[in-house]
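S.K.: Below is protein21.pdb; it holds PDB, N, CA and C atoms, pLDDT in the B column.
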```pdb
MODEL        1
ATOM      1  N   MET A  20     171.287  -4.184  25.076  1.00 53.00           N
ATOM      2  CA  MET A  20     171.036  -5.232  26.038  1.00 53.00           C
ATOM      3  C   MET A  20     170.017  -4.748  27.067  1.00 53.00           C
ATOM      4  N   SER A  21     169.029  -5.525  27.290  1.00 61.00           N
ATOM      5  CA  SER A  21     167.975  -5.181  28.232  1.00 61.00           C
ATOM      6  C   SER A  21     168.302  -5.762  29.608  1.00 61.00           C
ATOM      7  N   THR A  22     168.277  -4.923  30.611  1.00 72.00           N
ATOM      8  CA  THR A  22     168.534  -5.403  31.963  1.00 72.00           C
ATOM      9  C   THR A  22     167.232  -5.483  32.725  1.00 72.00           C
ATOM     10  N   SER A  23     167.165  -6.422  33.636  1.00 77.00           N
ATOM     11  CA  SER A  23     165.951  -6.557  34.425  1.00 77.00           C
ATOM     12  C   SER A  23     166.136  -5.847  35.762  1.00 77.00           C
ATOM     13  N   ARG A  24     165.016  -5.444  36.340  1.00 80.00           N
ATOM     14  CA  ARG A  24     165.051  -4.840  37.671  1.00 80.00           C
ATOM     15  C   ARG A  24     163.770  -5.201  38.402  1.00 80.00           C
ATOM     16  N   LEU A  25     163.864  -5.246  39.711  1.00 85.00           N
ATOM     17  CA  LEU A  25     162.730  -5.607  40.545  1.00 85.00           C
ATOM     18  C   LEU A  25     161.839  -4.390  40.721  1.00 85.00           C
ATOM     19  N   ARG A  26     160.561  -4.545  40.382  1.00 85.00           N
ATOM     20  CA  ARG A  26     159.602  -3.425  40.441  1.00 85.00           C
ATOM     21  C   ARG A  26     158.341  -3.855  41.174  1.00 85.00           C
ATOM     22  N   SER A  27     157.704  -2.899  41.807  1.00 86.00           N
ATOM     23  CA  SER A  27     156.439  -3.150  42.493  1.00 86.00           C
ATOM     24  C   SER A  27     155.289  -3.077  41.503  1.00 86.00           C
ATOM     25  N   LEU A  28     154.379  -4.037  41.636  1.00 85.00           N
ATOM     26  CA  LEU A  28     153.156  -4.014  40.835  1.00 85.00           C
ATOM     27  C   LEU A  28     151.951  -3.637  41.686  1.00 85.00           C
ATOM     28  N   GLY A  29     152.208  -3.282  42.942  1.00 84.00           N
ATOM     29  CA  GLY A  29     151.133  -2.865  43.838  1.00 84.00           C
ATOM     30  C   GLY A  29     151.038  -3.772  45.051  1.00 84.00           C
ATOM     31  N   VAL A  30     150.057  -3.491  45.878  1.00 86.00           N
ATOM     32  CA  VAL A  30     149.844  -4.237  47.115  1.00 86.00           C
ATOM     33  C   VAL A  30     148.504  -4.943  47.035  1.00 86.00           C
ATOM     34  N   ASP A  31     148.506  -6.211  47.399  1.00 87.00           N
ATOM     35  CA  ASP A  31     147.266  -6.991  47.430  1.00 87.00           C
ATOM     36  C   ASP A  31     146.394  -6.440  48.550  1.00 87.00           C
ATOM     37  N   PRO A  32     145.169  -6.022  48.240  1.00 87.00           N
ATOM     38  CA  PRO A  32     144.322  -5.400  49.264  1.00 87.00           C
ATOM     39  C   PRO A  32     143.885  -6.365  50.366  1.00 87.00           C
ATOM     40  N   ILE A  33     143.890  -7.648  50.088  1.00 92.00           N
ATOM     41  CA  ILE A  33     143.452  -8.630  51.088  1.00 92.00           C
ATOM     42  C   ILE A  33     144.595  -9.015  52.021  1.00 92.00           C
ATOM     43  N   SER A  34     145.719  -9.375  51.450  1.00 94.00           N
ATOM     44  CA  SER A  34     146.849  -9.842  52.270  1.00 94.00           C
ATOM     45  C   SER A  34     147.745  -8.702  52.742  1.00 94.00           C
ATOM     46  N   GLY A  35     147.733  -7.585  52.007  1.00 91.00           N
ATOM     47  CA  GLY A  35     148.614  -6.476  52.335  1.00 91.00           C
ATOM     48  C   GLY A  35     150.039  -6.683  51.855  1.00 91.00           C
ATOM     49  N   LYS A  36     150.259  -7.768  51.098  1.00 92.00           N
ATOM     50  CA  LYS A  36     151.601  -8.064  50.602  1.00 92.00           C
ATOM     51  C   LYS A  36     151.832  -7.370  49.265  1.00 92.00           C
ATOM     52  N   GLU A  37     153.067  -6.904  49.093  1.00 88.00           N
ATOM     53  CA  GLU A  37     153.446  -6.227  47.856  1.00 88.00           C
ATOM     54  C   GLU A  37     153.783  -7.253  46.782  1.00 88.00           C
ATOM     55  N   ALA A  38     153.268  -7.036  45.585  1.00 88.00           N
ATOM     56  CA  ALA A  38     153.587  -7.896  44.445  1.00 88.00           C
ATOM     57  C   ALA A  38     154.775  -7.294  43.713  1.00 88.00           C
ATOM     58  N   LEU A  39     155.840  -8.066  43.585  1.00 88.00           N
ATOM     59  CA  LEU A  39     157.049  -7.615  42.907  1.00 88.00           C
ATOM     60  C   LEU A  39     157.280  -8.453  41.664  1.00 88.00           C
ATOM     61  N   ALA A  40     157.877  -7.846  40.649  1.00 87.00           N
ATOM     62  CA  ALA A  40     158.188  -8.565  39.417  1.00 87.00           C
ATOM     63  C   ALA A  40     159.542  -8.115  38.901  1.00 87.00           C
ATOM     64  N   SER A  41     160.258  -9.041  38.325  1.00 89.00           N
ATOM     65  CA  SER A  41     161.504  -8.714  37.653  1.00 89.00           C
ATOM     66  C   SER A  41     161.118  -8.285  36.239  1.00 89.00           C
ATOM     67  N   THR A  42     161.341  -7.012  35.923  1.00 86.00           N
ATOM     68  CA  THR A  42     160.862  -6.471  34.656  1.00 86.00           C
ATOM     69  C   THR A  42     162.016  -6.156  33.715  1.00 86.00           C
ATOM     70  N   ARG A  43     161.684  -6.077  32.443  1.00 85.00           N
ATOM     71  CA  ARG A  43     162.648  -5.688  31.415  1.00 85.00           C
ATOM     72  C   ARG A  43     162.097  -4.468  30.687  1.00 85.00           C
ATOM     73  N   SER A  44     163.000  -3.607  30.237  1.00 82.00           N
ATOM     74  CA  SER A  44     162.596  -2.404  29.510  1.00 82.00           C
ATOM     75  C   SER A  44     161.650  -2.757  28.371  1.00 82.00           C
ATOM     76  N   ASP A  45     160.626  -1.961  28.209  1.00 82.00           N
ATOM     77  CA  ASP A  45     159.625  -2.119  27.148  1.00 82.00           C
ATOM     78  C   ASP A  45     158.800  -3.392  27.262  1.00 82.00           C
ATOM     79  N   GLY A  46     158.838  -4.059  28.412  1.00 86.00           N
ATOM     80  CA  GLY A  46     158.036  -5.262  28.608  1.00 86.00           C
ATOM     81  C   GLY A  46     156.687  -4.928  29.214  1.00 86.00           C
ATOM     82  N   LEU A  47     155.783  -5.888  29.177  1.00 90.00           N
ATOM     83  CA  LEU A  47     154.443  -5.709  29.727  1.00 90.00           C
ATOM     84  C   LEU A  47     154.489  -5.449  31.236  1.00 90.00           C
ATOM     85  N   LEU A  48     155.302  -6.222  31.966  1.00 89.00           N
ATOM     86  CA  LEU A  48     155.373  -6.018  33.409  1.00 89.00           C
ATOM     87  C   LEU A  48     155.977  -4.656  33.753  1.00 89.00           C
ATOM     88  N   GLU A  49     156.919  -4.204  32.941  1.00 88.00           N
ATOM     89  CA  GLU A  49     157.499  -2.864  33.159  1.00 88.00           C
ATOM     90  C   GLU A  49     156.419  -1.795  32.987  1.00 88.00           C
ATOM     91  N   ALA A  50     155.596  -1.942  31.964  1.00 89.00           N
ATOM     92  CA  ALA A  50     154.507  -0.993  31.730  1.00 89.00           C
ATOM     93  C   ALA A  50     153.512  -1.007  32.888  1.00 89.00           C
ATOM     94  N   LEU A  51     153.205  -2.193  33.402  1.00 89.00           N
ATOM     95  CA  LEU A  51     152.294  -2.289  34.547  1.00 89.00           C
ATOM     96  C   LEU A  51     152.908  -1.641  35.790  1.00 89.00           C
ATOM     97  N   ALA A  52     154.206  -1.869  35.996  1.00 89.00           N
ATOM     98  CA  ALA A  52     154.893  -1.268  37.145  1.00 89.00           C
ATOM     99  C   ALA A  52     154.899   0.253  37.030  1.00 89.00           C
ATOM    100  N   GLU A  53     155.139   0.767  35.839  1.00 91.00           N
ATOM    101  CA  GLU A  53     155.132   2.213  35.637  1.00 91.00           C
ATOM    102  C   GLU A  53     153.749   2.791  35.890  1.00 91.00           C
ATOM    103  N   ALA A  54     152.733   2.119  35.390  1.00 91.00           N
ATOM    104  CA  ALA A  54     151.365   2.597  35.604  1.00 91.00           C
ATOM    105  C   ALA A  54     151.026   2.605  37.094  1.00 91.00           C
ATOM    106  N   GLN A  55     151.446   1.570  37.810  1.00 89.00           N
ATOM    107  CA  GLN A  55     151.199   1.496  39.249  1.00 89.00           C
ATOM    108  C   GLN A  55     151.929   2.610  39.986  1.00 89.00           C
ATOM    109  N   ALA A  56     153.178   2.867  39.614  1.00 91.00           N
ATOM    110  CA  ALA A  56     153.960   3.920  40.259  1.00 91.00           C
ATOM    111  C   ALA A  56     153.329   5.285  40.035  1.00 91.00           C
ATOM    112  N   LEU A  57     152.876   5.541  38.826  1.00 93.00           N
ATOM    113  CA  LEU A  57     152.242   6.832  38.530  1.00 93.00           C
ATOM    114  C   LEU A  57     150.897   6.968  39.241  1.00 93.00           C
ATOM    115  N   LYS A  58     150.160   5.877  39.333  1.00 92.00           N
ATOM    116  CA  LYS A  58     148.882   5.900  40.048  1.00 92.00           C
ATOM    117  C   LYS A  58     149.121   6.185  41.532  1.00 92.00           C
ATOM    118  N   ALA A  59     150.105   5.511  42.120  1.00 91.00           N
ATOM    119  CA  ALA A  59     150.424   5.719  43.537  1.00 91.00           C
ATOM    120  C   ALA A  59     150.889   7.154  43.785  1.00 91.00           C
ATOM    121  N   ALA A  60     151.704   7.683  42.881  1.00 94.00           N
ATOM    122  CA  ALA A  60     152.182   9.062  43.029  1.00 94.00           C
ATOM    123  C   ALA A  60     151.023  10.050  42.928  1.00 94.00           C
ATOM    124  N   THR A  61     150.088   9.781  42.054  1.00 95.00           N
ATOM    125  CA  THR A  61     148.918  10.649  41.885  1.00 95.00           C
ATOM    126  C   THR A  61     148.057  10.656  43.146  1.00 95.00           C
ATOM    127  N   VAL A  62     147.841   9.480  43.716  1.00 94.00           N
ATOM    128  CA  VAL A  62     147.051   9.387  44.950  1.00 94.00           C
ATOM    129  C   VAL A  62     147.766  10.111  46.085  1.00 94.00           C
ATOM    130  N   LEU A  63     149.062   9.894  46.202  1.00 94.00           N
ATOM    131  CA  LEU A  63     149.844  10.560  47.244  1.00 94.00           C
ATOM    132  C   LEU A  63     149.798  12.073  47.082  1.00 94.00           C
ATOM    133  N   LEU A  64     149.943  12.542  45.864  1.00 94.00           N
ATOM    134  CA  LEU A  64     149.863  13.976  45.585  1.00 94.00           C
ATOM    135  C   LEU A  64     148.505  14.542  45.997  1.00 94.00           C
ATOM    136  N   THR A  65     147.442  13.823  45.716  1.00 95.00           N
ATOM    137  CA  THR A  65     146.096  14.268  46.071  1.00 95.00           C
ATOM    138  C   THR A  65     145.931  14.359  47.588  1.00 95.00           C
ATOM    139  N   VAL A  66     146.398  13.334  48.290  1.00 95.00           N
ATOM    140  CA  VAL A  66     146.269  13.318  49.750  1.00 95.00           C
ATOM    141  C   VAL A  66     147.096  14.432  50.385  1.00 95.00           C
ATOM    142  N   VAL A  67     148.359  14.543  49.986  1.00 94.00           N
ATOM    143  CA  VAL A  67     149.232  15.570  50.561  1.00 94.00           C
ATOM    144  C   VAL A  67     148.706  16.964  50.212  1.00 94.00           C
ATOM    145  N   GLY A  68     148.231  17.143  48.998  1.00 94.00           N
ATOM    146  CA  GLY A  68     147.659  18.423  48.591  1.00 94.00           C
ATOM    147  C   GLY A  68     146.467  18.805  49.449  1.00 94.00           C
ATOM    148  N   ALA A  69     145.603  17.844  49.731  1.00 95.00           N
ATOM    149  CA  ALA A  69     144.431  18.112  50.564  1.00 95.00           C
ATOM    150  C   ALA A  69     144.843  18.475  51.991  1.00 95.00           C
ATOM    151  N   VAL A  70     145.848  17.772  52.507  1.00 94.00           N
ATOM    152  CA  VAL A  70     146.330  18.067  53.859  1.00 94.00           C
ATOM    153  C   VAL A  70     146.928  19.469  53.915  1.00 94.00           C
ATOM    154  N   LEU A  71     147.733  19.802  52.919  1.00 94.00           N
ATOM    155  CA  LEU A  71     148.342  21.142  52.890  1.00 94.00           C
ATOM    156  C   LEU A  71     147.288  22.228  52.728  1.00 94.00           C
ATOM    157  N   GLU A  72     146.305  21.966  51.895  1.00 94.00           N
ATOM    158  CA  GLU A  72     145.247  22.951  51.660  1.00 94.00           C
ATOM    159  C   GLU A  72     144.437  23.197  52.928  1.00 94.00           C
ATOM    160  N   ALA A  73     144.208  22.153  53.699  1.00 94.00           N
ATOM    161  CA  ALA A  73     143.450  22.302  54.949  1.00 94.00           C
ATOM    162  C   ALA A  73     144.231  23.137  55.959  1.00 94.00           C
ATOM    163  N   GLY A  74     145.567  23.049  55.891  1.00 93.00           N
ATOM    164  CA  GLY A  74     146.413  23.880  56.735  1.00 93.00           C
ATOM    165  C   GLY A  74     146.357  23.583  58.218  1.00 93.00           C
ATOM    166  N   LYS A  75     145.912  22.400  58.591  1.00 92.00           N
ATOM    167  CA  LYS A  75     145.774  22.098  60.013  1.00 92.00           C
ATOM    168  C   LYS A  75     146.731  21.007  60.488  1.00 92.00           C
ATOM    169  N   ALA A  76     147.597  20.529  59.610  1.00 92.00           N
ATOM    170  CA  ALA A  76     148.527  19.468  59.995  1.00 92.00           C
ATOM    171  C   ALA A  76     149.723  20.052  60.737  1.00 92.00           C
ATOM    172  N   SER A  77     150.195  19.306  61.700  1.00 94.00           N
ATOM    173  CA  SER A  77     151.385  19.739  62.443  1.00 94.00           C
ATOM    174  C   SER A  77     152.630  19.439  61.604  1.00 94.00           C
ATOM    175  N   ASP A  78     153.747  20.017  62.012  1.00 94.00           N
ATOM    176  CA  ASP A  78     155.008  19.739  61.322  1.00 94.00           C
ATOM    177  C   ASP A  78     155.344  18.252  61.381  1.00 94.00           C
ATOM    178  N   THR A  79     155.037  17.609  62.494  1.00 95.00           N
ATOM    179  CA  THR A  79     155.301  16.182  62.648  1.00 95.00           C
ATOM    180  C   THR A  79     154.449  15.369  61.675  1.00 95.00           C
ATOM    181  N   GLU A  80     153.194  15.733  61.550  1.00 93.00           N
ATOM    182  CA  GLU A  80     152.310  15.032  60.608  1.00 93.00           C
ATOM    183  C   GLU A  80     152.780  15.238  59.173  1.00 93.00           C
ATOM    184  N   LEU A  81     153.172  16.454  58.843  1.00 94.00           N
ATOM    185  CA  LEU A  81     153.669  16.724  57.493  1.00 94.00           C
ATOM    186  C   LEU A  81     154.975  15.978  57.225  1.00 94.00           C
ATOM    187  N   ALA A  82     155.832  15.904  58.218  1.00 95.00           N
ATOM    188  CA  ALA A  82     157.108  15.202  58.067  1.00 95.00           C
ATOM    189  C   ALA A  82     156.900  13.722  57.789  1.00 95.00           C
ATOM    190  N   ALA A  83     155.800  13.175  58.254  1.00 95.00           N
ATOM    191  CA  ALA A  83     155.520  11.757  58.019  1.00 95.00           C
ATOM    192  C   ALA A  83     155.331  11.456  56.531  1.00 95.00           C
ATOM    193  N   PHE A  84     154.981  12.463  55.738  1.00 94.00           N
ATOM    194  CA  PHE A  84     154.795  12.266  54.301  1.00 94.00           C
ATOM    195  C   PHE A  84     156.119  12.251  53.526  1.00 94.00           C
ATOM    196  N   VAL A  85     157.174  12.797  54.111  1.00 95.00           N
ATOM    197  CA  VAL A  85     158.435  12.969  53.380  1.00 95.00           C
ATOM    198  C   VAL A  85     158.986  11.662  52.805  1.00 95.00           C
ATOM    199  N   PRO A  86     159.087  10.563  53.561  1.00 93.00           N
ATOM    200  CA  PRO A  86     159.621   9.331  52.965  1.00 93.00           C
ATOM    201  C   PRO A  86     158.789   8.824  51.783  1.00 93.00           C
ATOM    202  N   SER A  87     157.470   8.890  51.911  1.00 93.00           N
ATOM    203  CA  SER A  87     156.603   8.436  50.814  1.00 93.00           C
ATOM    204  C   SER A  87     156.726   9.336  49.591  1.00 93.00           C
ATOM    205  N   LEU A  88     156.786  10.647  49.834  1.00 94.00           N
ATOM    206  CA  LEU A  88     156.954  11.588  48.724  1.00 94.00           C
ATOM    207  C   LEU A  88     158.298  11.383  48.027  1.00 94.00           C
ATOM    208  N   CYS A  89     159.333  11.162  48.804  1.00 94.00           N
ATOM    209  CA  CYS A  89     160.666  10.942  48.243  1.00 94.00           C
ATOM    210  C   CYS A  89     160.681   9.658  47.410  1.00 94.00           C
ATOM    211  N   ALA A  90     160.086   8.596  47.911  1.00 91.00           N
ATOM    212  CA  ALA A  90     160.042   7.326  47.176  1.00 91.00           C
ATOM    213  C   ALA A  90     159.258   7.469  45.878  1.00 91.00           C
ATOM    214  N   ALA A  91     158.126   8.174  45.928  1.00 93.00           N
ATOM    215  CA  ALA A  91     157.319   8.369  44.723  1.00 93.00           C
ATOM    216  C   ALA A  91     158.069   9.213  43.701  1.00 93.00           C
ATOM    217  N   LEU A  92     158.743  10.253  44.167  1.00 93.00           N
ATOM    218  CA  LEU A  92     159.519  11.096  43.269  1.00 93.00           C
ATOM    219  C   LEU A  92     160.668  10.307  42.637  1.00 93.00           C
ATOM    220  N   GLU A  93     161.348   9.517  43.450  1.00 91.00           N
ATOM    221  CA  GLU A  93     162.449   8.690  42.946  1.00 91.00           C
ATOM    222  C   GLU A  93     161.954   7.719  41.864  1.00 91.00           C
ATOM    223  N   GLU A  94     160.806   7.108  42.099  1.00 89.00           N
ATOM    224  CA  GLU A  94     160.242   6.171  41.127  1.00 89.00           C
ATOM    225  C   GLU A  94     159.872   6.890  39.827  1.00 89.00           C
ATOM    226  N   CYS A  95     159.244   8.051  39.932  1.00 91.00           N
ATOM    227  CA  CYS A  95     158.853   8.814  38.743  1.00 91.00           C
ATOM    228  C   CYS A  95     160.071   9.282  37.955  1.00 91.00           C
ATOM    229  N   VAL A  96     161.103   9.735  38.659  1.00 91.00           N
ATOM    230  CA  VAL A  96     162.336  10.140  37.989  1.00 91.00           C
ATOM    231  C   VAL A  96     162.980   8.943  37.302  1.00 91.00           C
ATOM    232  N   GLY A  97     162.930   7.785  37.952  1.00 85.00           N
ATOM    233  CA  GLY A  97     163.463   6.560  37.353  1.00 85.00           C
ATOM    234  C   GLY A  97     162.727   6.202  36.066  1.00 85.00           C
ATOM    235  N   ILE A  98     161.431   6.392  36.048  1.00 85.00           N
ATOM    236  CA  ILE A  98     160.635   6.120  34.844  1.00 85.00           C
ATOM    237  C   ILE A  98     161.065   7.070  33.720  1.00 85.00           C
ATOM    238  N   MET A  99     161.209   8.340  34.057  1.00 87.00           N
ATOM    239  CA  MET A  99     161.599   9.327  33.037  1.00 87.00           C
ATOM    240  C   MET A  99     163.011   9.059  32.527  1.00 87.00           C
ATOM    241  N   ALA A 100     163.910   8.628  33.407  1.00 81.00           N
ATOM    242  CA  ALA A 100     165.297   8.389  33.011  1.00 81.00           C
ATOM    243  C   ALA A 100     165.404   7.223  32.025  1.00 81.00           C
ATOM    244  N   VAL A 101     164.567   6.223  32.190  1.00 72.00           N
ATOM    245  CA  VAL A 101     164.592   5.064  31.290  1.00 72.00           C
ATOM    246  C   VAL A 101     164.033   5.438  29.934  1.00 72.00           C
ATOM    247  N   ASP A 102     162.999   6.275  29.931  1.00 58.00           N
ATOM    248  CA  ASP A 102     162.378   6.686  28.663  1.00 58.00           C
ATOM    249  C   ASP A 102     163.295   7.643  27.949  1.00 58.00           C
TER     250      ASP A 102
ENDMDL
END
```
When written as structure tokens, how does the structure in this file appear?

M.R.:
Amino acid sequence: MSTSRLRSLGVDPISGKEALASTRSDGLLEALAEAQALKAATVLLTVVGAVLEAGKASDTELAAFVPSLCAALEECVGIMAVD
């Protein structure tokens, strides 16, 4: 039995609103949501990596990345768990 779940398909660059879809395993929208999640995680990794490499961020600035990193990690783990 395939269950549906609400997934992000990204943010509209003009309105700033997040596009959400109710997806089913192995469906087209699920694949798009997974691709978006991996793309977002890759961008976040690049940004955080650059900040860490520069070595000039304060602890407060670095702490600001924690919620986004946690959300991206949770999404990626969720993708792996379904597969």

S.K.: Could I get the residues of region 27-60 of chain A with an atom no further than 7 Å from an atom of region 84-101 of chain A, each paired with its nearest atom pair and that distance in Å to one decimal, using only N, CA and C atoms, sorted by chain and residue number, as JSON lines?

M.R.:
```
{"residue": "A:Glu53", "atom": "CA", "partner": "A:Ile98", "partner_atom": "CA", "distance": 6.8}
{"residue": "A:Ala56", "atom": "C", "partner": "A:Cys95", "partner_atom": "N", "distance": 6.5}
{"residue": "A:Leu57", "atom": "N", "partner": "A:Cys95", "partner_atom": "CA", "distance": 6.8}
{"residue": "A:Ala59", "atom": "C", "partner": "A:Ala91", "partner_atom": "CA", "distance": 6.6}
{"residue": "A:Ala60", "atom": "CA", "partner": "A:Ala91", "partner_atom": "CA", "distance": 5.5}
```

S.K.: Would you compute the distance between CA of Leu39 (chain A) and atom C of Val62 (chain A)? Give it in Å to one decimal.

M.R.: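 Calculated distance between CA of Leu39 (chain A) and atom C of Val62 (chain A) is 20.3 Å.
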
S.K.: Which residues, written as a ChimeraX atom specification, have at least one atom at most 8 Å from Leu48 (chain A), with only N, CA and C atoms counted and residues fewer than 6 positions away on the same chain left out?

M.R.: /A:26-28,40-42,54

S.K.: Kindly give the distance, in Å, that separates atom C of Arg24 (chain A) and atom N of Thr61 (chain A), rounded to a single decimal.

M.R.: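 These atoms are spaced 20.6 Å apart.
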
S.K.: So how far away is atom N of Val66 (chain A) from atom N of Asp78 (chain A), in Å?

M.R.: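 Distance reported for this atom pair: 16.9 Å.
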
S.K.: Kindly provide, as JSON, the centre and edge lengths (Å, one decimal) of an axis-aligned box around all atoms of region 58-72 of chain A given in the file, with 5 Å on each side.

M.R.:
```
{"center_x": 148.3, "center_y": 14.4, "center_z": 46.6, "size_x": 17.8, "size_y": 27.7, "size_z": 24.6}
```

S.K.: If DSSP is run on the backbone, what residues of chain A are alpha helix (DSSP H)? A reply as JSON, numbers by chain would be ideal.

M.R.: {"A": [47, 48, 49, 50, 51, 52, 53, 54, 55, 56, 57, 58, 59, 60, 61, 62, 63, 64, 65, 66, 67, 68, 69, 70, 71, 72, 73, 78, 79, 80, 81, 82, 85, 86, 87, 88, 89, 90, 91, 92, 93, 94, 95, 96, 97, 98, 99, 100, 101]}

S.K.: Go through A:Leu25, A:Val30, A:Ala76, A:Leu81 one by one, measure the shortest atom-to-atom distance of each to Ser44 (chain A) using only C-alpha atoms, and give the residue with the smallest value.

M.R.: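 Closest residue, counting only C-alpha atoms: A:Leu25.
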
S.K.: How would you write, as a list in words, the set of residues in chain A that DSSP gives as strand (DSSP E or B)?

M.R.: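 Residues of chain A classed as strand (DSSP E or B): Ser23, Arg24, Leu25, Arg26, Ser27, Leu28, Gly29, Val30, Glu37, Ala38, Leu39, Ala40, Ser41, Thr42 and Arg43 of chain A.
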